[in-house]
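Undergrad: Take a look at this one; I'll ask things after.
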Amino acid sequence: MEEEAAVPVSPIGYYFNSSMMSISILCVLEIEVAIDDSPAFSLLHDVFLPITPRFSSIIVADQKGVKKWKKVEVNLKDHVKVPIFPLGKSPQFYEKCLQDYLSKISMEELPQSQPLWQLHIIKYPTNNAAGTLIFKLHHALGDGFSLMGALLSCLQRADDPSKPLTFPSVKTRAILNYSNNMHSMFRNVPRFFSSMFNTASDFYCSIVKSSLVEDDQTPIRSGNDVVRWGPRSIATMAFPLHQIKQIKVNLGATINDVVTGIIFLGTRLYMQEVSKESSNLNSTAIVLLNTRMLRSFSSVKEMVKPDTKSPWGNHFAFLHVPIPNFTDSGLSDPLELIKKAQQIIKSKRSSLGVYLTAKLLEAVDKLRGPEAAAKYVHGTLKNSSMGITNMVGPMEQVSVANHPVKGLYFLVPGSPLSLIVTVVSYMEKLRIAIGAEDGFIDSQKLKSCMENAYDMILKATTSATTT
């Protein structure tokens with residue numbers, strides 16, 4: 001008990017659980033069969049809780065105000081929620097109940113007197129599933145990479161539980177490895193100077209965007225700070241991963257470039273549909289970048305090893321990516337928008353701006369305290385228009401306690417952003433979820449615009465390869 005009490009909360013964990021922000025991750029599992037919740041408590045006790053001491057700990061402050069993890073006894077009944085809806089209704093009715101329930105729990109802060117997670121069991125059929133499981137986990141526990149690993153520890157392959165899950169390969173990212181970047185830059189002098197220019201530009205823009213300059217108010221950004229506690233309008237869509245890969249090959253891009261292009265084009269289409277004047281206003285996306293040195297997904301056992309390249313916790317950085325302006329040529333050639341997004345992201349990946357921004361945040365934390373650093377991170381999010389984050393899911397169908405999972409997606413409530421778009425791959429499909437400020441953004445219309453953007457890009461790619 002004493003040893004656990006001595007473990008400090010990570011800086012990012014502190015920022016996301018401060019007076020400025022309380023950010024959580026909602027992971028939604030769509031179950032293929034009717035849910036039998038009788039194994040829930042044993043699964044949580046025997047499999048979930050042992051994954052990491054964080055799931056059995058609360059955050060406390062010592063005499064100096066330093067926040068630390070303290071191990072406590074877990075009463076599982078406090079963490080498992082089973083809502084009651086009217087009986088005998090249609091899947092469409094329960095779909096609306098589910099959306100309202102997701103919005104409701106998005107607004108609720110997790111009790112600080114208990115370990116920072118919950119399991120919500122929805123035992124009603126919706127349009128997409130016979131039942132739904134919702135894991136709500138505070139971002140202070142870890143980032144999406146860590147929490148996805150924890151979740152997958154509770155799941156098995158549906159076809160053969162004895163076989164391991166497999167994941168799409170992920171390229172190593174060395175954006176925060178200063179020595180490696182310097183070595184590669186000196187091998188190519190023009191690239192070195194280009195990278196230095198990008199670094200200076202990105203670092204300056206990061207400071208300005210976080211503290212001085214806000215994005216324009218548009219149909220995707222209200223500028224209302226209380227949005228973090230307000231209701232969310234939610235919509236999801238799925239695209240075949242093989243078609244995304246084909247677009248990637250045809251354009252010589254990455255999957256992330258293609259998906260970002262689809263999101264940007266769909267967002268600009270939505271902005272133009274709501275207000276033509278807004279389609280060329282200044283809008284910035286905050287793209288979350290995993291900073292681990294990795295080539296593939298890691299198990300929880302691997303994450304908790306000493307000196308691992310994929311450690312447990314919060315290990316990511318913010319990329320400020322301006323959403324390309326929408327021009328008439330963009331409508332006639334939607335592939336141009338993907339190329340623009342690809343160029344922007346490529347230049348930022350070759351920059352050390354993220355590294356310098358991380359060092360600046362560390363300096364603010366040391367000199368002015370973690371609350372000041374949390375305020376800086378809050379400003380970074382508040383002054384931007386939207387957030388984009390993605391995770392890699394298993395290629396095979398999984399099951400939880402012999403309940404096959406038909407689909408999954410995740411949401412990130414609690415930030416001051418009016419719009420957060422999340423992406424996860426699962427069973428050769430790419431699931432995109434929209435979490436939008438309710439009453440301000442029409443999530444269903446935005447979904448339709450993103451589906452239209454996908455169709456436009458797919459059609460344009462097909463036409464380009466056949467001519």
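Following the order of the structure tokens, first chain is A, next is B, and so on, with residues numbered from 1 inside each chain and ligands from 1 in the order they appear.
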Please identify all polymer residues within 9 Å of Glu95 of chain A, counting only C-alpha atoms, omitting same-chain residues fewer than 5 positions from it, and present them as a ChimeraX atom specification.

TA: /A:90,100,124-128

Undergrad: Where does segment 61-134 of chain A meet segment 366-382 of chain A within 12 Å, residue by residue, with the nearest atom pair and distance in Å to one decimal for each, counting only C-alpha atoms, listed by chain and rising number, as a tab-separated table?

TA:
```
residue	atom	partner	partner_atom	distance
A:Lys64	CA	A:Gly369	CA	11.9
A:Gly65	CA	A:Pro370	CA	10.3
A:Val66	CA	A:Pro370	CA	9.3
A:Lys67	CA	A:Pro370	CA	10.0
```

Undergrad: How about saving the chosen residues, C-alpha atoms kept, as a short mmCIF file (atom, residue, chain, number, x, y, z; two decimals), in the first residue's frame?

TA:
```cif
data_model
loop_
_atom_site.label_atom_id
_atom_site.label_comp_id
_atom_site.auth_asym_id
_atom_site.auth_seq_id
_atom_site.Cartn_x
_atom_site.Cartn_y
_atom_site.Cartn_z
CA LYS A 64 3.24 19.40 -0.77
CA GLY A 65 0.26 19.16 -3.14
CA VAL A 66 1.91 16.58 -5.38
CA LYS A 67 -0.68 14.21 -6.84
#
```

Undergrad: Go ahead and compute the interatomic distance for atom CA of Lys340 of chain A and atom CA of Glu451 of chain A, in Å to one decimal.

TA: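 The value is 19.8 Å.
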
Undergrad: I'd like to know which residues of segment 16-240 of chain A are helix (DSSP H, G or I) (by DSSP, run on the backbone); could you write them as a CSV table (one decimal) with N, CA, C and O atoms, in the first residue's frame?

TA:
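So result-v5.csv came out as:
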```csv
chain,number,residue,atom,x,y,z
A,40,ALA,N,-19.9,-10.5,-15.4
A,40,ALA,CA,-19.3,-9.2,-15.4
A,40,ALA,C,-18.3,-9.0,-14.2
A,40,ALA,O,-17.2,-8.6,-14.4
A,41,PHE,N,-18.8,-9.3,-13.0
A,41,PHE,CA,-18.0,-9.0,-11.8
A,41,PHE,C,-16.8,-9.9,-11.7
A,41,PHE,O,-15.7,-9.5,-11.4
A,42,SER,N,-16.9,-11.2,-12.1
A,42,SER,CA,-15.8,-12.1,-12.1
A,42,SER,C,-14.7,-11.7,-13.1
A,42,SER,O,-13.5,-11.7,-12.9
A,43,LEU,N,-15.2,-11.2,-14.3
A,43,LEU,CA,-14.3,-10.8,-15.3
A,43,LEU,C,-13.5,-9.6,-14.9
A,43,LEU,O,-12.3,-9.5,-15.1
A,44,LEU,N,-14.2,-8.6,-14.3
A,44,LEU,CA,-13.6,-7.4,-13.8
A,44,LEU,C,-12.6,-7.7,-12.7
A,44,LEU,O,-11.4,-7.2,-12.7
A,45,HIS,N,-13.0,-8.6,-11.8
A,45,HIS,CA,-12.1,-8.9,-10.6
A,45,HIS,C,-10.9,-9.7,-11.0
A,45,HIS,O,-9.8,-9.4,-10.6
A,46,ASP,N,-11.1,-10.7,-11.9
A,46,ASP,CA,-10.0,-11.6,-12.2
A,46,ASP,C,-9.1,-11.2,-13.4
A,46,ASP,O,-8.0,-11.6,-13.4
A,47,VAL,N,-9.7,-10.4,-14.3
A,47,VAL,CA,-8.9,-10.1,-15.5
A,47,VAL,C,-8.6,-8.6,-15.6
A,47,VAL,O,-7.5,-8.2,-15.8
A,48,PHE,N,-9.7,-7.7,-15.4
A,48,PHE,CA,-9.5,-6.3,-15.6
A,48,PHE,C,-8.7,-5.6,-14.5
A,48,PHE,O,-7.7,-4.9,-14.8
A,49,LEU,N,-9.0,-5.8,-13.2
A,49,LEU,CA,-8.3,-5.1,-12.2
A,49,LEU,C,-6.8,-5.5,-12.1
A,49,LEU,O,-6.0,-4.6,-11.8
A,50,PRO,N,-6.4,-6.7,-12.3
A,50,PRO,CA,-5.0,-7.0,-12.2
A,50,PRO,C,-4.1,-6.5,-13.4
A,50,PRO,O,-2.9,-6.5,-13.3
A,51,ILE,N,-4.8,-5.9,-14.4
A,51,ILE,CA,-4.0,-5.4,-15.5
A,51,ILE,C,-3.0,-4.3,-15.1
A,51,ILE,O,-1.8,-4.3,-15.5
A,53,PRO,N,-2.2,-1.5,-11.5
A,53,PRO,CA,-2.6,-1.0,-10.2
A,53,PRO,C,-3.4,0.3,-10.3
A,53,PRO,O,-4.2,0.6,-9.4
A,54,ARG,N,-3.4,1.0,-11.5
A,54,ARG,CA,-4.2,2.2,-11.6
A,54,ARG,C,-5.7,2.0,-11.6
A,54,ARG,O,-6.4,2.8,-11.1
A,55,PHE,N,-6.1,0.8,-12.0
A,55,PHE,CA,-7.5,0.4,-12.0
A,55,PHE,C,-8.0,0.2,-10.6
A,55,PHE,O,-9.2,0.1,-10.3
A,56,SER,N,-7.1,0.1,-9.6
A,56,SER,CA,-7.5,-0.1,-8.2
A,56,SER,C,-7.0,1.1,-7.3
A,56,SER,O,-6.8,1.0,-6.1
A,76,LEU,N,-16.8,-3.2,-6.7
A,76,LEU,CA,-17.2,-3.3,-8.1
A,76,LEU,C,-18.6,-2.8,-8.4
A,76,LEU,O,-18.9,-2.3,-9.5
A,77,LYS,N,-19.5,-2.9,-7.4
A,77,LYS,CA,-20.8,-2.4,-7.6
A,77,LYS,C,-20.9,-0.9,-7.8
A,77,LYS,O,-21.8,-0.4,-8.4
A,78,ASP,N,-19.9,-0.2,-7.3
A,78,ASP,CA,-19.8,1.2,-7.6
A,78,ASP,C,-19.4,1.6,-9.0
A,78,ASP,O,-19.6,2.7,-9.5
A,91,PRO,N,-35.7,-1.2,-32.0
A,91,PRO,CA,-34.3,-0.9,-32.0
A,91,PRO,C,-34.0,0.6,-32.3
A,91,PRO,O,-33.1,1.1,-31.7
A,92,GLN,N,-34.9,1.2,-33.1
A,92,GLN,CA,-34.7,2.7,-33.3
A,92,GLN,C,-34.9,3.5,-32.0
A,92,GLN,O,-34.1,4.4,-31.8
A,93,PHE,N,-35.9,3.0,-31.2
A,93,PHE,CA,-36.1,3.7,-29.9
A,93,PHE,C,-34.9,3.5,-29.0
A,93,PHE,O,-34.4,4.5,-28.4
A,94,TYR,N,-34.4,2.3,-29.0
A,94,TYR,CA,-33.2,2.1,-28.1
A,94,TYR,C,-32.0,2.7,-28.6
A,94,TYR,O,-31.0,3.0,-27.8
A,95,GLU,N,-31.9,2.9,-29.9
A,95,GLU,CA,-30.7,3.6,-30.5
A,95,GLU,C,-30.7,5.0,-30.0
A,95,GLU,O,-29.6,5.5,-29.6
A,96,LYS,N,-31.9,5.6,-29.9
A,96,LYS,CA,-32.0,7.0,-29.4
A,96,LYS,C,-31.6,7.0,-27.9
A,96,LYS,O,-30.9,7.9,-27.4
A,97,CYS,N,-32.1,6.0,-27.2
A,97,CYS,CA,-31.8,5.9,-25.8
A,97,CYS,C,-30.3,5.8,-25.6
A,97,CYS,O,-29.7,6.4,-24.7
A,98,LEU,N,-29.6,5.0,-26.4
A,98,LEU,CA,-28.2,4.8,-26.3
A,98,LEU,C,-27.4,6.1,-26.6
A,98,LEU,O,-26.5,6.5,-25.8
A,99,GLN,N,-27.8,6.8,-27.6
A,99,GLN,CA,-27.2,8.1,-27.9
A,99,GLN,C,-27.4,9.1,-26.8
A,99,GLN,O,-26.4,9.8,-26.4
A,100,ASP,N,-28.6,9.1,-26.2
A,100,ASP,CA,-28.8,10.1,-25.1
A,100,ASP,C,-28.0,9.6,-23.9
A,100,ASP,O,-27.5,10.5,-23.1
A,101,TYR,N,-27.9,8.3,-23.7
A,101,TYR,CA,-27.1,7.8,-22.5
A,101,TYR,C,-25.6,8.1,-22.7
A,101,TYR,O,-25.0,8.5,-21.7
A,102,LEU,N,-25.1,8.0,-23.9
A,102,LEU,CA,-23.7,8.3,-24.1
A,102,LEU,C,-23.5,9.8,-23.9
A,102,LEU,O,-22.4,10.2,-23.3
A,103,SER,N,-24.4,10.6,-24.3
A,103,SER,CA,-24.3,12.0,-24.1
A,103,SER,C,-24.3,12.4,-22.6
A,103,SER,O,-23.5,13.2,-22.1
A,104,LYS,N,-25.2,11.7,-21.9
A,104,LYS,CA,-25.3,11.9,-20.5
A,104,LYS,C,-24.0,11.5,-19.7
A,104,LYS,O,-23.5,12.3,-18.9
A,105,ILE,N,-23.5,10.4,-19.9
A,105,ILE,CA,-22.3,10.0,-19.2
A,105,ILE,C,-21.1,10.7,-19.7
A,105,ILE,O,-20.1,10.8,-19.0
A,106,SER,N,-21.1,11.3,-20.9
A,106,SER,CA,-20.0,12.1,-21.3
A,106,SER,C,-19.9,13.4,-20.5
A,106,SER,O,-18.8,13.9,-20.3
A,107,MET,N,-21.1,13.9,-20.0
A,107,MET,CA,-21.1,15.1,-19.2
A,107,MET,C,-20.7,14.9,-17.8
A,107,MET,O,-20.3,15.8,-17.0
A,139,HIS,N,-8.7,9.7,-18.7
A,139,HIS,CA,-7.5,9.8,-19.5
A,139,HIS,C,-6.2,9.8,-18.6
A,139,HIS,O,-5.1,9.6,-19.1
A,140,ALA,N,-6.4,10.1,-17.3
A,140,ALA,CA,-5.3,10.1,-16.4
A,140,ALA,C,-4.7,8.7,-16.2
A,140,ALA,O,-3.5,8.6,-15.9
A,141,LEU,N,-5.5,7.7,-16.5
A,141,LEU,CA,-5.1,6.3,-16.4
A,141,LEU,C,-4.1,6.0,-17.5
A,141,LEU,O,-3.2,5.1,-17.3
A,144,GLY,N,-5.0,6.3,-25.3
A,144,GLY,CA,-5.7,5.3,-26.1
A,144,GLY,C,-4.9,4.0,-26.3
A,144,GLY,O,-5.5,2.9,-26.3
A,145,PHE,N,-3.6,4.2,-26.6
A,145,PHE,CA,-2.8,3.0,-26.8
A,145,PHE,C,-2.8,2.1,-25.6
A,145,PHE,O,-2.9,0.9,-25.7
A,146,SER,N,-2.6,2.7,-24.4
A,146,SER,CA,-2.6,1.9,-23.2
A,146,SER,C,-3.9,1.3,-22.9
A,146,SER,O,-4.0,0.1,-22.5
A,147,LEU,N,-5.0,2.1,-23.0
A,147,LEU,CA,-6.3,1.6,-22.6
A,147,LEU,C,-6.9,0.6,-23.6
A,147,LEU,O,-7.6,-0.3,-23.2
A,148,MET,N,-6.5,0.8,-24.8
A,148,MET,CA,-6.9,-0.3,-25.8
A,148,MET,C,-6.2,-1.6,-25.5
A,148,MET,O,-6.8,-2.7,-25.5
A,149,GLY,N,-5.0,-1.5,-25.1
A,149,GLY,CA,-4.3,-2.7,-24.6
A,149,GLY,C,-4.9,-3.4,-23.4
A,149,GLY,O,-5.1,-4.6,-23.4
A,150,ALA,N,-5.4,-2.5,-22.5
A,150,ALA,CA,-6.0,-3.1,-21.3
A,150,ALA,C,-7.4,-3.7,-21.7
A,150,ALA,O,-7.7,-4.8,-21.2
A,151,LEU,N,-8.1,-3.1,-22.6
A,151,LEU,CA,-9.4,-3.6,-23.0
A,151,LEU,C,-9.2,-4.9,-23.7
A,151,LEU,O,-10.0,-5.9,-23.4
A,152,LEU,N,-8.2,-5.0,-24.6
A,152,LEU,CA,-8.0,-6.2,-25.3
A,152,LEU,C,-7.6,-7.4,-24.4
A,152,LEU,O,-7.7,-8.5,-24.8
A,153,SER,N,-7.0,-7.1,-23.3
A,153,SER,CA,-6.7,-8.1,-22.3
A,153,SER,C,-7.9,-8.8,-21.8
A,153,SER,O,-7.8,-10.0,-21.3
A,178,TYR,N,15.4,13.3,-30.8
A,178,TYR,CA,16.2,14.4,-31.4
A,178,TYR,C,17.5,14.0,-32.1
A,178,TYR,O,17.8,14.4,-33.2
A,179,SER,N,18.2,13.0,-31.5
A,179,SER,CA,19.5,12.6,-32.0
A,179,SER,C,19.3,11.9,-33.4
A,179,SER,O,20.0,12.2,-34.3
A,180,ASN,N,18.3,11.1,-33.5
A,180,ASN,CA,18.0,10.4,-34.7
A,180,ASN,C,17.6,11.4,-35.8
A,180,ASN,O,18.1,11.3,-37.0
A,181,ASN,N,16.8,12.4,-35.5
A,181,ASN,CA,16.4,13.4,-36.5
A,181,ASN,C,17.6,14.2,-36.9
A,181,ASN,O,17.7,14.5,-38.1
A,182,MET,N,18.4,14.6,-36.0
A,182,MET,CA,19.6,15.4,-36.3
A,182,MET,C,20.5,14.6,-37.3
A,182,MET,O,21.0,15.2,-38.2
A,183,HIS,N,20.7,13.3,-37.0
A,183,HIS,CA,21.6,12.5,-37.8
A,183,HIS,C,21.0,12.4,-39.2
A,183,HIS,O,21.8,12.6,-40.2
A,184,SER,N,19.7,12.2,-39.3
A,184,SER,CA,19.1,12.0,-40.7
A,184,SER,C,19.1,13.4,-41.4
A,184,SER,O,19.3,13.4,-42.6
A,185,MET,N,19.0,14.5,-40.7
A,185,MET,CA,19.0,15.8,-41.3
A,185,MET,C,20.3,16.2,-41.9
A,185,MET,O,20.5,16.7,-43.0
A,186,PHE,N,21.4,15.8,-41.2
A,186,PHE,CA,22.7,16.2,-41.7
A,186,PHE,C,23.1,15.4,-42.9
A,186,PHE,O,24.0,15.7,-43.6
A,189,VAL,N,21.5,18.0,-46.5
A,189,VAL,CA,21.6,19.4,-46.1
A,189,VAL,C,20.3,20.2,-46.4
A,189,VAL,O,19.8,20.9,-45.6
A,190,PRO,N,19.8,20.1,-47.7
A,190,PRO,CA,18.6,20.8,-48.0
A,190,PRO,C,17.4,20.4,-47.1
A,190,PRO,O,16.7,21.3,-46.6
A,191,ARG,N,17.3,19.1,-46.8
A,191,ARG,CA,16.3,18.7,-45.9
A,191,ARG,C,16.5,19.2,-44.5
A,191,ARG,O,15.6,19.5,-43.8
A,192,PHE,N,17.8,19.3,-44.1
A,192,PHE,CA,18.1,19.8,-42.8
A,192,PHE,C,17.6,21.2,-42.6
A,192,PHE,O,16.9,21.6,-41.6
A,193,PHE,N,17.9,22.1,-43.6
A,193,PHE,CA,17.4,23.5,-43.5
A,193,PHE,C,15.9,23.6,-43.6
A,193,PHE,O,15.3,24.4,-42.9
A,194,SER,N,15.3,22.7,-44.4
A,194,SER,CA,13.8,22.7,-44.5
A,194,SER,C,13.2,22.3,-43.1
A,194,SER,O,12.3,22.9,-42.7
A,195,SER,N,13.9,21.3,-42.5
A,195,SER,CA,13.4,20.8,-41.2
A,195,SER,C,13.5,21.9,-40.1
A,195,SER,O,12.7,22.1,-39.3
A,196,MET,N,14.7,22.6,-40.2
A,196,MET,CA,14.9,23.7,-39.2
A,196,MET,C,13.9,24.8,-39.4
A,196,MET,O,13.3,25.4,-38.4
A,197,PHE,N,13.5,25.1,-40.7
A,197,PHE,CA,12.5,26.2,-40.9
A,197,PHE,C,11.1,25.7,-40.4
A,197,PHE,O,10.4,26.4,-39.7
A,198,ASN,N,10.8,24.4,-40.7
A,198,ASN,CA,9.5,23.9,-40.2
A,198,ASN,C,9.5,23.8,-38.7
A,198,ASN,O,8.5,24.1,-38.1
A,199,THR,N,10.6,23.5,-38.0
A,199,THR,CA,10.7,23.5,-36.6
A,199,THR,C,10.4,24.8,-36.0
A,199,THR,O,9.6,25.0,-35.1
A,200,ALA,N,11.1,25.9,-36.5
A,200,ALA,CA,10.9,27.2,-36.0
A,200,ALA,C,9.5,27.7,-36.2
A,200,ALA,O,8.8,28.3,-35.3
A,201,SER,N,8.9,27.4,-37.4
A,201,SER,CA,7.6,27.8,-37.7
A,201,SER,C,6.6,27.1,-36.8
A,201,SER,O,5.6,27.7,-36.3
A,202,ASP,N,6.7,25.8,-36.7
A,202,ASP,CA,5.8,25.0,-35.9
A,202,ASP,C,5.8,25.4,-34.4
A,202,ASP,O,4.8,25.5,-33.8
A,203,PHE,N,7.0,25.6,-33.9
A,203,PHE,CA,7.2,26.0,-32.5
A,203,PHE,C,6.5,27.3,-32.2
A,203,PHE,O,5.8,27.5,-31.2
A,204,TYR,N,6.8,28.3,-33.1
A,204,TYR,CA,6.2,29.6,-33.0
A,204,TYR,C,4.6,29.5,-33.1
A,204,TYR,O,3.9,30.1,-32.2
A,205,CYS,N,4.2,28.8,-34.1
A,205,CYS,CA,2.7,28.7,-34.2
A,205,CYS,C,2.1,28.0,-33.0
A,205,CYS,O,1.0,28.3,-32.6
A,206,SER,N,2.8,27.0,-32.5
A,206,SER,CA,2.2,26.3,-31.3
A,206,SER,C,2.0,27.2,-30.1
A,206,SER,O,1.0,27.2,-29.5
A,207,ILE,N,3.0,28.1,-29.9
A,207,ILE,CA,2.9,29.0,-28.8
A,207,ILE,C,1.8,30.0,-29.0
A,207,ILE,O,1.0,30.3,-28.1
A,208,VAL,N,1.8,30.5,-30.3
A,208,VAL,CA,0.7,31.5,-30.6
A,208,VAL,C,-0.7,30.9,-30.5
A,208,VAL,O,-1.6,31.5,-29.9
A,209,LYS,N,-0.8,29.7,-31.1
A,209,LYS,CA,-2.2,29.1,-31.0
A,209,LYS,C,-2.6,28.7,-29.6
A,209,LYS,O,-3.8,28.7,-29.3
A,210,SER,N,-1.6,28.4,-28.8
A,210,SER,CA,-2.0,28.0,-27.4
A,210,SER,C,-2.3,29.1,-26.5
A,210,SER,O,-3.0,28.9,-25.5
A,211,SER,N,-1.8,30.3,-26.8
A,211,SER,CA,-2.0,31.4,-25.8
A,211,SER,C,-2.5,32.7,-26.4
A,211,SER,O,-3.0,33.5,-25.6
A,225,ASP,N,-16.5,28.0,-23.9
A,225,ASP,CA,-15.6,27.2,-23.1
A,225,ASP,C,-16.4,26.1,-22.3
A,225,ASP,O,-15.8,25.1,-21.9
A,226,VAL,N,-17.7,26.4,-22.0
A,226,VAL,CA,-18.4,25.4,-21.2
A,226,VAL,C,-18.9,24.2,-22.0
A,226,VAL,O,-19.5,23.3,-21.5
A,227,VAL,N,-18.4,24.1,-23.3
A,227,VAL,CA,-18.8,22.9,-24.1
A,227,VAL,C,-18.3,21.6,-23.5
A,227,VAL,O,-18.8,20.6,-23.7
A,228,ARG,N,-17.2,21.7,-22.7
A,228,ARG,CA,-16.6,20.5,-22.1
A,228,ARG,C,-17.5,19.8,-21.2
A,228,ARG,O,-17.4,18.6,-21.0
A,229,TRP,N,-18.5,20.6,-20.6
A,229,TRP,CA,-19.4,20.0,-19.7
A,229,TRP,C,-20.8,19.8,-20.3
A,229,TRP,O,-21.7,19.3,-19.7
```

Undergrad: Interatomic distance between atom CA of Gln272 of chain A and atom CA of Ile338 of chain A?

TA: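 Atom CA of Ile338 of chain A lies 17.9 Å from atom CA of Gln272 of chain A.
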